[in-house]
file upload.txt (compact mmCIF, C-alpha atoms and all ligand atoms)
# COMPACT_ATOMS: atom_id res chain seq x y z
CA MET A 1 32.55 23.76 -2.06
CA GLY A 2 28.88 24.64 -2.08
CA GLY A 3 26.94 21.81 -0.48
CA LEU A 4 24.24 19.52 -1.72
CA GLU A 5 21.23 21.80 -1.46
CA GLY A 6 19.66 23.26 -4.56
CA TRP A 7 18.63 22.51 -8.12
CA THR A 8 17.59 18.87 -8.38
CA PRO A 9 15.76 18.01 -11.55
CA PRO A 10 15.34 14.42 -12.71
CA LEU A 11 18.52 13.09 -14.36
CA GLU A 12 17.04 13.27 -17.85
CA GLU A 13 16.38 16.97 -17.39
CA THR A 14 19.96 17.56 -16.26
CA ALA A 15 21.20 15.64 -19.31
CA THR A 16 19.06 17.77 -21.60
CA ALA A 17 20.42 20.94 -20.00
CA VAL A 18 24.00 19.68 -20.36
CA ARG A 19 23.55 18.92 -24.06
CA ALA A 20 22.38 22.48 -24.71
CA CYS A 21 24.76 24.19 -22.28
CA VAL A 22 26.89 27.20 -23.22
CA ARG A 23 27.92 28.16 -19.68
CA CYS A 24 31.67 27.95 -20.35
CA ARG A 25 34.14 28.13 -23.22
CA LEU A 26 34.28 24.35 -23.56
CA HIS A 27 31.03 24.36 -25.51
CA LEU A 28 32.90 26.04 -28.39
CA GLY A 29 35.10 23.03 -29.14
CA ARG A 30 32.82 20.14 -28.33
CA THR A 31 31.14 17.82 -30.78
CA LEU A 32 28.73 16.48 -28.18
CA ALA A 33 28.39 17.25 -24.49
CA VAL A 34 28.58 14.16 -22.31
CA PRO A 35 26.09 13.92 -19.45
CA GLY A 36 26.44 11.17 -16.88
CA GLU A 37 25.10 7.74 -17.59
CA GLY A 38 23.83 4.89 -15.44
CA PRO A 39 21.00 3.82 -13.18
CA PRO A 40 19.20 6.70 -11.45
CA ASP A 41 19.38 4.85 -8.13
CA ALA A 42 23.00 3.70 -8.38
CA ASP A 43 24.77 3.04 -5.09
CA ILE A 44 28.09 4.06 -6.63
CA VAL A 45 28.91 7.15 -8.68
CA LEU A 46 32.22 7.24 -10.54
CA ILE A 47 33.48 10.73 -11.39
CA GLY A 48 36.11 11.35 -14.05
CA GLU A 49 37.73 14.59 -15.02
CA ALA A 50 36.35 15.29 -18.51
CA PRO A 51 35.25 13.56 -21.72
CA GLY A 52 37.96 12.48 -24.16
CA ARG A 53 37.93 12.19 -27.94
CA GLN A 54 35.69 9.13 -28.18
CA GLU A 55 33.32 10.46 -25.56
CA ASP A 56 33.09 13.78 -27.42
CA ARG A 57 32.18 11.92 -30.61
CA THR A 58 29.60 9.64 -29.04
CA GLY A 59 28.17 11.78 -26.24
CA ARG A 60 28.73 8.92 -23.77
CA PRO A 61 31.18 8.72 -20.83
CA PHE A 62 34.15 6.34 -20.74
CA VAL A 63 33.70 4.62 -24.10
CA GLY A 64 37.31 4.92 -25.31
CA ALA A 65 40.44 3.01 -24.33
CA ALA A 66 40.22 4.23 -20.72
CA GLY A 67 36.64 3.02 -20.63
CA LYS A 68 37.80 -0.48 -21.55
CA VAL A 69 40.30 -0.40 -18.68
CA LEU A 70 37.53 0.75 -16.38
CA ASP A 71 35.20 -2.04 -17.54
CA ARG A 72 37.93 -4.60 -16.90
CA SER A 73 38.68 -3.24 -13.43
CA LEU A 74 34.97 -3.09 -12.55
CA ALA A 75 34.59 -6.72 -13.62
CA ALA A 76 37.58 -7.74 -11.52
CA ALA A 77 35.92 -6.06 -8.56
CA GLY A 78 32.67 -7.92 -9.18
CA LEU A 79 30.96 -4.85 -10.60
CA SER A 80 29.74 -3.83 -14.05
CA ARG A 81 28.52 -0.69 -15.81
CA PRO A 82 24.87 -1.26 -14.88
CA ASP A 83 25.94 -1.18 -11.21
CA VAL A 84 27.40 2.32 -11.39
CA TYR A 85 26.58 5.81 -12.59
CA ILE A 86 29.49 7.39 -14.45
CA THR A 87 29.96 11.08 -14.96
CA ASN A 88 32.65 13.76 -15.20
CA VAL A 89 33.53 16.98 -13.41
CA VAL A 90 33.08 18.83 -16.73
CA LYS A 91 30.76 17.52 -19.40
CA CYS A 92 32.52 18.87 -22.51
CA ARG A 93 35.94 17.86 -23.84
CA PRO A 94 38.71 20.36 -23.16
CA PRO A 95 40.95 21.16 -26.14
CA ALA A 96 43.67 18.52 -26.67
CA ASN A 97 42.46 16.76 -23.51
CA ARG A 98 44.03 19.39 -21.25
CA PRO A 99 42.82 19.38 -17.64
CA PRO A 100 39.70 21.48 -17.09
CA LYS A 101 40.33 24.99 -15.78
CA ALA A 102 38.96 26.16 -12.46
CA ASP A 103 36.32 28.41 -14.00
CA GLU A 104 35.15 25.57 -16.26
CA VAL A 105 34.86 23.22 -13.29
CA GLN A 106 32.90 25.88 -11.43
CA ALA A 107 30.59 26.54 -14.39
CA CYS A 108 29.82 22.84 -14.74
CA ARG A 109 29.49 22.12 -11.03
CA PRO A 110 25.70 22.63 -10.80
CA TYR A 111 25.21 19.70 -13.18
CA LEU A 112 27.46 17.39 -11.15
CA LEU A 113 25.77 18.37 -7.90
CA ALA A 114 22.35 17.92 -9.48
CA GLU A 115 23.34 14.40 -10.53
CA LEU A 116 24.52 13.57 -7.01
CA ARG A 117 21.39 15.00 -5.42
CA ALA A 118 19.13 13.05 -7.75
CA ILE A 119 20.99 9.76 -7.28
CA GLN A 120 21.95 10.00 -3.59
CA PRO A 121 24.67 7.39 -3.91
CA LYS A 122 26.21 5.49 -1.06
CA LEU A 123 29.72 5.94 -2.38
CA LEU A 124 31.59 8.28 -4.67
CA VAL A 125 34.73 7.30 -6.54
CA THR A 126 36.83 10.00 -8.15
CA LEU A 127 39.07 8.84 -10.98
CA GLY A 128 42.38 10.68 -10.97
CA ALA A 129 43.71 13.79 -9.27
CA HIS A 130 41.80 16.28 -11.42
CA ALA A 131 38.49 14.62 -10.63
CA LEU A 132 39.29 14.59 -6.91
CA HIS A 133 40.30 18.23 -6.82
CA GLY A 134 37.47 19.24 -9.15
CA LEU A 135 35.03 17.79 -6.64
CA VAL A 136 36.53 18.58 -3.22
CA GLY A 137 39.06 21.35 -3.86
CA PRO A 138 42.85 21.29 -3.51
CA ARG A 139 42.97 19.26 -0.27
CA PRO A 140 43.62 16.48 0.41
CA ARG A 141 46.47 15.76 -1.98
CA PHE A 142 45.72 12.90 -4.35
CA ALA A 143 48.83 11.02 -3.24
CA ASP A 144 47.61 11.09 0.37
CA ALA A 145 43.96 10.32 -0.32
CA ARG A 146 44.12 7.64 -3.02
CA GLY A 147 42.66 4.38 -1.83
CA THR A 148 41.40 5.85 1.45
CA LEU A 149 37.91 6.86 2.47
CA ILE A 150 37.22 10.56 2.83
CA ALA A 151 33.88 12.35 2.64
CA PHE A 152 32.15 14.80 0.37
CA GLU A 153 29.00 16.41 1.75
CA GLY A 154 28.33 13.45 4.00
CA ILE A 155 28.88 10.86 1.25
CA ARG A 156 31.88 8.54 1.50
CA LEU A 157 34.39 9.19 -1.24
CA LEU A 158 37.22 6.96 -2.33
CA PRO A 159 39.72 8.58 -4.69
CA THR A 160 41.50 6.24 -7.09
CA TYR A 161 43.50 6.38 -10.29
CA HIS A 162 42.06 7.43 -13.61
CA PRO A 163 41.83 4.39 -15.89
CA ALA A 164 43.80 6.34 -18.51
CA ALA A 165 46.75 6.37 -16.09
CA VAL A 166 46.73 2.58 -16.19
CA LEU A 167 47.22 2.75 -19.97
CA TYR A 168 50.52 4.51 -19.37
CA ASN A 169 51.55 2.65 -16.23
CA ARG A 170 50.37 -0.93 -16.01
CA ARG A 171 51.60 -1.16 -12.41
CA LEU A 172 48.59 0.96 -11.42
CA ASP A 173 46.19 -1.68 -12.73
CA SER A 174 46.12 -3.73 -9.55
CA ALA A 175 45.74 -0.62 -7.36
CA LEU A 176 42.72 0.55 -9.37
CA THR A 177 41.14 -2.89 -9.13
CA LYS A 178 41.90 -3.12 -5.42
CA ASP A 179 40.26 0.26 -4.79
CA LEU A 180 37.15 -0.75 -6.73
CA GLN A 181 37.02 -4.02 -4.81
CA LYS A 182 37.04 -2.01 -1.59
CA VAL A 183 34.15 0.09 -2.91
CA ALA A 184 32.18 -3.01 -3.89
CA GLU A 185 32.74 -4.52 -0.47
CA LEU A 186 31.61 -1.34 1.32
CA VAL A 187 28.42 -1.23 -0.72
CA ARG A 188 27.73 -4.89 -0.01
CA GLU A 189 28.14 -4.22 3.71
CA ASP A 190 25.79 -1.22 3.46
CA ARG A 191 23.14 -3.21 1.64
CA ALA A 192 23.25 -5.82 4.37
CA ARG A 193 22.80 -3.11 7.02
CA VAL A 194 20.53 -0.44 5.52
CA PRO A 195 17.74 -0.95 3.00
CA ARG A 196 18.17 1.32 -0.06
CA SER A 197 14.82 3.05 0.52
CA GLY A 198 15.82 4.15 4.02
CA ARG A 199 18.79 6.27 2.92
CA LEU A 200 17.57 9.73 2.03
CA ASN A 201 19.65 12.85 2.53
CA ALA A 202 20.15 12.98 6.28
CA ARG A 203 19.97 16.77 6.42
CA SER A 204 16.65 17.04 4.63
CA PRO A 205 13.96 14.40 4.23
CA GLY A 206 12.93 16.09 0.96
CA PRO A 207 10.48 14.80 -1.63
CA SER A 208 10.50 11.29 -3.10
CA ARG A 209 13.39 10.09 -5.26
CA GLY A 210 13.57 11.66 -8.68
CA ALA A 211 11.27 14.53 -7.76
CA THR A 212 12.34 18.06 -8.55
CA ARG A 213 13.18 19.87 -5.32
CA SER A 214 13.84 23.11 -7.08
CA GLY A 215 12.76 23.98 -10.58
CA ARG A 216 15.48 26.57 -11.05
CA ARG A 217 18.21 25.96 -13.60
CA PRO A 218 21.76 26.97 -12.79
CA ARG A 219 22.67 30.44 -14.02
S1 LIG B 301 31.70 21.96 -19.68
FE1 LIG B 301 29.79 22.04 -18.50
S2 LIG B 301 29.46 24.25 -18.12
FE2 LIG B 301 30.93 24.08 -19.80
S3 LIG B 301 29.68 24.17 -21.67
FE3 LIG B 301 29.98 21.98 -21.16
S4 LIG B 301 28.17 21.42 -19.94
FE4 LIG B 301 28.29 23.67 -19.97

call {"tool": "encode", "arguments": {"input": "upload.txt", "output": "structure tokens"}}
result
Amino acid sequence: MGGLEGWTPPLEETATAVRACVRCRLHLGRTLAVPGEGPPDADIVLIGEAPGRQEDRTGRPFVGAAGKVLDRSLAAAGLSRPDVYITNVVKCRPPANRPPKADEVQACRPYLLAELRAIQPKLLVTLGAHALHGLVGPRPRFADARGTLIAFEGIRLLPTYHPAAVLYNRRLDSALTKDLQKVAELVREDRARVPRSGRLNARSPGPSRGATRSGRRPR
């Protein structure tokens, strides 16, 4: 799935590129592109599948009904928005909220990878099956991986439900909260063990946080 080497501008530069992007057909129907949002040194990055209607109108991730579910689940896990960086596999709303297509995911991937490289989180959380498969490919199956720790490019990844799924099936509420509690606990354990400043990309010491490792934009 590519790896974590490459274009790594500061997050603001990635956001600017996203807002002007015409790399795939999704730019044709968007009102606003939706770059990720959150602290540039977040320990946790949440990854959804794509912006919805409210996100498309506001240019901000997870501000609609699903965002409210997410906020509630984060709070129940002892977390809040300022603790996490939230982004999506694709940054523009697909028509009628359909799942993003493979070529759209691929076109948008440089922005997601640039966000991850800039932030260097301790933990990734994918929200829903499309986010999981958009990030790691078709395996593992969501049903097998949900709530378990797997890895993406050396970063621990915990797949969980999309908050929108909870809107349709309230029985998933406790599972989403339980998964986020597990994430919060893992990060607490990490903080007790490893100072934040000592956790650079293990494969490459690289420049200081936030520096641009490559000035090239994705083509
Ligand atoms: S979805 Fe991503 S690649 Fe496609 S136009 Fe939007 S920002 Fe560009």

call {"tool": "residues_near_ligand", "arguments": {"input": "upload.txt", "ligand": "ligand LIG 301 (chain B)", "cutoff": "10 Å", "atoms": "all atoms listed in the file", "output": "NGL selection string"}}
result
:A and (14-30 or 32-35 or 50-51 or 88-94 or 100-101 or 103-112 or 218)

call {"tool": "closest_residue", "arguments": {"input": "upload.txt", "among": "A:Leu46, A:Leu127, A:Leu116, A:Leu157", "to": "Leu176 (chain A)", "atoms": "all atoms listed in the file"}}
result
A:Leu127

call {"tool": "atom_distance", "arguments": {"input": "upload.txt", "atom1": "CA of Leu180 (chain A)", "atom2": "CA of Glu55 (chain A)"}}
result
22.2 Å

call {"tool": "atom_distance", "arguments": {"input": "upload.txt", "atom1": "CA of Leu123 (chain A)", "atom2": "CA of Ile44 (chain A)"}}
result
4.9 Å

call {"tool": "atom_distance", "arguments": {"input": "upload.txt", "atom1": "CA of Leu172 (chain A)", "atom2": "CA of Ile119 (chain A)"}}
result
29.3 Å

call {"tool": "residues_around", "arguments": {"input": "upload.txt", "residues": "Lys178 (chain A)", "least_positions_apart": "4", "cutoff": "10 Å", "atoms": "only C-alpha atoms", "output": "MDAnalysis selection string"}}
result
chainID A and resid 73:74 76:77 147 160 172:174 182:184

call {"tool": "residues_around", "arguments": {"input": "upload.txt", "residues": "region 62-64 of chain A", "least_positions_apart": "2", "cutoff": "12 Å", "atoms": "all atoms listed in the file", "output": "VMD selection string"}}
result
chain A and resid 34 to 38 46 to 60 66 to 71 81 85 to 88 91 127 162 to 164 167

call {"tool": "closest_residue", "arguments": {"input": "upload.txt", "among": "A:Pro82, A:Pro121, A:Gly6, A:Gly154", "to": "Val45 (chain A)", "atoms": "only C-alpha atoms"}}
result
A:Pro121

call {"tool": "closest_residue", "arguments": {"input": "upload.txt", "among": "A:Gly78, A:Arg170, A:Arg72, A:Leu135", "to": "Leu113 (chain A)", "atoms": "all atoms listed in the file"}}
result
A:Leu135

call {"tool": "closest_residue", "arguments": {"input": "upload.txt", "among": "A:Ala42, A:Glu189, A:Pro61, A:Ala131", "to": "Arg117 (chain A)", "atoms": "all atoms listed in the file"}}
result
A:Ala42

call {"tool": "closest_residue", "arguments": {"input": "upload.txt", "among": "A:Ala75, A:Ala118, A:Pro95, A:Arg146", "to": "Pro39 (chain A)", "atoms": "all atoms listed in the file"}}
result
A:Ala118

call {"tool": "decode", "arguments": {"input": "upload.txt", "residues": "region 75-105 of chain A", "atoms": "N, CA, C and O atoms", "output": "PDB file, in the first residue's frame"}}
result
ATOM      1  N   ALA A  75     -15.943  11.030  24.621  1.00  0.00           N
ATOM      2  CA  ALA A  75     -16.084  11.476  26.013  1.00  0.00           C
ATOM      3  C   ALA A  75     -16.212  10.276  26.952  1.00  0.00           C
ATOM      4  O   ALA A  75     -15.608  10.252  28.032  1.00  0.00           O
ATOM      5  N   ALA A  76     -16.964   9.278  26.523  1.00  0.00           N
ATOM      6  CA  ALA A  76     -17.138   8.083  27.358  1.00  0.00           C
ATOM      7  C   ALA A  76     -15.828   7.320  27.529  1.00  0.00           C
ATOM      8  O   ALA A  76     -15.648   6.588  28.502  1.00  0.00           O
ATOM      9  N   ALA A  77     -14.922   7.518  26.570  1.00  0.00           N
ATOM     10  CA  ALA A  77     -13.615   6.859  26.652  1.00  0.00           C
ATOM     11  C   ALA A  77     -12.583   7.735  27.350  1.00  0.00           C
ATOM     12  O   ALA A  77     -11.406   7.379  27.420  1.00  0.00           O
ATOM     13  N   GLY A  78     -13.029   8.893  27.823  1.00  0.00           N
ATOM     14  CA  GLY A  78     -12.097   9.802  28.498  1.00  0.00           C
ATOM     15  C   GLY A  78     -11.272  10.627  27.538  1.00  0.00           C
ATOM     16  O   GLY A  78     -10.218  11.146  27.892  1.00  0.00           O
ATOM     17  N   LEU A  79     -11.762  10.754  26.296  1.00  0.00           N
ATOM     18  CA  LEU A  79     -11.057  11.529  25.274  1.00  0.00           C
ATOM     19  C   LEU A  79     -11.954  12.662  24.799  1.00  0.00           C
ATOM     20  O   LEU A  79     -13.151  12.670  25.066  1.00  0.00           O
ATOM     21  N   SER A  80     -11.357  13.605  24.059  1.00  0.00           N
ATOM     22  CA  SER A  80     -12.165  14.661  23.452  1.00  0.00           C
ATOM     23  C   SER A  80     -11.524  15.049  22.130  1.00  0.00           C
ATOM     24  O   SER A  80     -10.412  14.611  21.814  1.00  0.00           O
ATOM     25  N   ARG A  81     -12.211  15.870  21.356  1.00  0.00           N
ATOM     26  CA  ARG A  81     -11.692  16.267  20.041  1.00  0.00           C
ATOM     27  C   ARG A  81     -10.262  16.812  20.090  1.00  0.00           C
ATOM     28  O   ARG A  81      -9.451  16.473  19.239  1.00  0.00           O
ATOM     29  N   PRO A  82      -9.955  17.672  21.073  1.00  0.00           N
ATOM     30  CA  PRO A  82      -8.577  18.197  21.092  1.00  0.00           C
ATOM     31  C   PRO A  82      -7.512  17.119  21.338  1.00  0.00           C
ATOM     32  O   PRO A  82      -6.331  17.378  21.170  1.00  0.00           O
ATOM     33  N   ASP A  83      -7.922  15.922  21.722  1.00  0.00           N
ATOM     34  CA  ASP A  83      -6.956  14.834  21.927  1.00  0.00           C
ATOM     35  C   ASP A  83      -6.641  14.099  20.638  1.00  0.00           C
ATOM     36  O   ASP A  83      -5.694  13.301  20.603  1.00  0.00           O
ATOM     37  N   VAL A  84      -7.444  14.286  19.605  1.00  0.00           N
ATOM     38  CA  VAL A  84      -7.317  13.438  18.421  1.00  0.00           C
ATOM     39  C   VAL A  84      -7.278  14.283  17.151  1.00  0.00           C
ATOM     40  O   VAL A  84      -7.817  15.392  17.104  1.00  0.00           O
ATOM     41  N   TYR A  85      -6.637  13.742  16.137  1.00  0.00           N
ATOM     42  CA  TYR A  85      -6.684  14.320  14.802  1.00  0.00           C
ATOM     43  C   TYR A  85      -7.679  13.475  14.011  1.00  0.00           C
ATOM     44  O   TYR A  85      -7.629  12.245  14.048  1.00  0.00           O
ATOM     45  N   ILE A  86      -8.585  14.135  13.313  1.00  0.00           N
ATOM     46  CA  ILE A  86      -9.629  13.413  12.584  1.00  0.00           C
ATOM     47  C   ILE A  86      -9.532  13.727  11.099  1.00  0.00           C
ATOM     48  O   ILE A  86      -9.456  14.904  10.708  1.00  0.00           O
ATOM     49  N   THR A  87      -9.525  12.686  10.303  1.00  0.00           N
ATOM     50  CA  THR A  87      -9.441  12.891   8.867  1.00  0.00           C
ATOM     51  C   THR A  87     -10.244  11.804   8.154  1.00  0.00           C
ATOM     52  O   THR A  87     -10.914  10.990   8.793  1.00  0.00           O
ATOM     53  N   ASN A  88     -10.183  11.801   6.847  1.00  0.00           N
ATOM     54  CA  ASN A  88     -10.914  10.813   6.047  1.00  0.00           C
ATOM     55  C   ASN A  88     -10.014  10.247   4.959  1.00  0.00           C
ATOM     56  O   ASN A  88      -9.035  10.890   4.548  1.00  0.00           O
ATOM     57  N   VAL A  89     -10.390   9.080   4.469  1.00  0.00           N
ATOM     58  CA  VAL A  89      -9.651   8.446   3.380  1.00  0.00           C
ATOM     59  C   VAL A  89      -9.738   9.307   2.122  1.00  0.00           C
ATOM     60  O   VAL A  89      -8.752   9.493   1.410  1.00  0.00           O
ATOM     61  N   VAL A  90     -10.917   9.834   1.812  1.00  0.00           N
ATOM     62  CA  VAL A  90     -11.039  10.832   0.742  1.00  0.00           C
ATOM     63  C   VAL A  90     -11.572  12.117   1.353  1.00  0.00           C
ATOM     64  O   VAL A  90     -12.365  12.090   2.288  1.00  0.00           O
ATOM     65  N   LYS A  91     -11.122  13.231   0.804  1.00  0.00           N
ATOM     66  CA  LYS A  91     -11.393  14.527   1.433  1.00  0.00           C
ATOM     67  C   LYS A  91     -12.573  15.279   0.813  1.00  0.00           C
ATOM     68  O   LYS A  91     -12.881  16.387   1.237  1.00  0.00           O
ATOM     69  N   CYS A  92     -13.194  14.688  -0.206  1.00  0.00           N
ATOM     70  CA  CYS A  92     -14.367  15.331  -0.827  1.00  0.00           C
ATOM     71  C   CYS A  92     -15.547  14.365  -0.766  1.00  0.00           C
ATOM     72  O   CYS A  92     -15.375  13.145  -0.878  1.00  0.00           O
ATOM     73  N   ARG A  93     -16.743  14.918  -0.613  1.00  0.00           N
ATOM     74  CA  ARG A  93     -17.946  14.095  -0.445  1.00  0.00           C
ATOM     75  C   ARG A  93     -18.324  13.368  -1.736  1.00  0.00           C
ATOM     76  O   ARG A  93     -18.555  14.008  -2.766  1.00  0.00           O
ATOM     77  N   PRO A  94     -18.439  12.054  -1.681  1.00  0.00           N
ATOM     78  CA  PRO A  94     -18.930  11.324  -2.855  1.00  0.00           C
ATOM     79  C   PRO A  94     -20.422  11.613  -3.053  1.00  0.00           C
ATOM     80  O   PRO A  94     -21.146  11.872  -2.090  1.00  0.00           O
ATOM     81  N   PRO A  95     -20.895  11.535  -4.295  1.00  0.00           N
ATOM     82  CA  PRO A  95     -22.298  11.800  -4.577  1.00  0.00           C
ATOM     83  C   PRO A  95     -23.209  10.884  -3.752  1.00  0.00           C
ATOM     84  O   PRO A  95     -22.966   9.676  -3.657  1.00  0.00           O
ATOM     85  N   ALA A  96     -24.244  11.475  -3.157  1.00  0.00           N
ATOM     86  CA  ALA A  96     -25.230  10.716  -2.368  1.00  0.00           C
ATOM     87  C   ALA A  96     -24.577   9.860  -1.281  1.00  0.00           C
ATOM     88  O   ALA A  96     -25.117   8.819  -0.903  1.00  0.00           O
ATOM     89  N   ASN A  97     -23.429  10.285  -0.813  1.00  0.00           N
ATOM     90  CA  ASN A  97     -22.721   9.558   0.257  1.00  0.00           C
ATOM     91  C   ASN A  97     -22.371   8.120  -0.110  1.00  0.00           C
ATOM     92  O   ASN A  97     -22.264   7.270   0.773  1.00  0.00           O
ATOM     93  N   ARG A  98     -22.199   7.844  -1.397  1.00  0.00           N
ATOM     94  CA  ARG A  98     -21.777   6.477  -1.766  1.00  0.00           C
ATOM     95  C   ARG A  98     -20.352   6.264  -1.258  1.00  0.00           C
ATOM     96  O   ARG A  98     -19.615   7.215  -1.008  1.00  0.00           O
ATOM     97  N   PRO A  99     -19.952   4.986  -1.099  1.00  0.00           N
ATOM     98  CA  PRO A  99     -18.565   4.730  -0.699  1.00  0.00           C
ATOM     99  C   PRO A  99     -17.598   5.252  -1.760  1.00  0.00           C
ATOM    100  O   PRO A  99     -17.906   5.205  -2.961  1.00  0.00           O
ATOM    101  N   PRO A 100     -16.434   5.719  -1.355  1.00  0.00           N
ATOM    102  CA  PRO A 100     -15.459   6.156  -2.359  1.00  0.00           C
ATOM    103  C   PRO A 100     -15.001   4.998  -3.227  1.00  0.00           C
ATOM    104  O   PRO A 100     -14.899   3.857  -2.747  1.00  0.00           O
ATOM    105  N   LYS A 101     -14.733   5.287  -4.498  1.00  0.00           N
ATOM    106  CA  LYS A 101     -14.244   4.255  -5.417  1.00  0.00           C
ATOM    107  C   LYS A 101     -12.730   4.113  -5.267  1.00  0.00           C
ATOM    108  O   LYS A 101     -12.055   5.013  -4.773  1.00  0.00           O
ATOM    109  N   ALA A 102     -12.253   2.965  -5.746  1.00  0.00           N
ATOM    110  CA  ALA A 102     -10.825   2.649  -5.547  1.00  0.00           C
ATOM    111  C   ALA A 102      -9.918   3.716  -6.146  1.00  0.00           C
ATOM    112  O   ALA A 102      -8.913   4.098  -5.544  1.00  0.00           O
ATOM    113  N   ASP A 103     -10.273   4.222  -7.325  1.00  0.00           N
ATOM    114  CA  ASP A 103      -9.380   5.214  -7.944  1.00  0.00           C
ATOM    115  C   ASP A 103      -9.441   6.550  -7.190  1.00  0.00           C
ATOM    116  O   ASP A 103      -8.452   7.293  -7.147  1.00  0.00           O
ATOM    117  N   GLU A 104     -10.565   6.835  -6.556  1.00  0.00           N
ATOM    118  CA  GLU A 104     -10.666   8.058  -5.748  1.00  0.00           C
ATOM    119  C   GLU A 104      -9.819   7.930  -4.477  1.00  0.00           C
ATOM    120  O   GLU A 104      -9.117   8.870  -4.070  1.00  0.00           O
ATOM    121  N   VAL A 105      -9.895   6.751  -3.865  1.00  0.00           N
ATOM    122  CA  VAL A 105      -9.076   6.493  -2.673  1.00  0.00           C
ATOM    123  C   VAL A 105      -7.597   6.627  -3.024  1.00  0.00           C
ATOM    124  O   VAL A 105      -6.812   7.239  -2.295  1.00  0.00           O
TER     125      VAL A 105
END
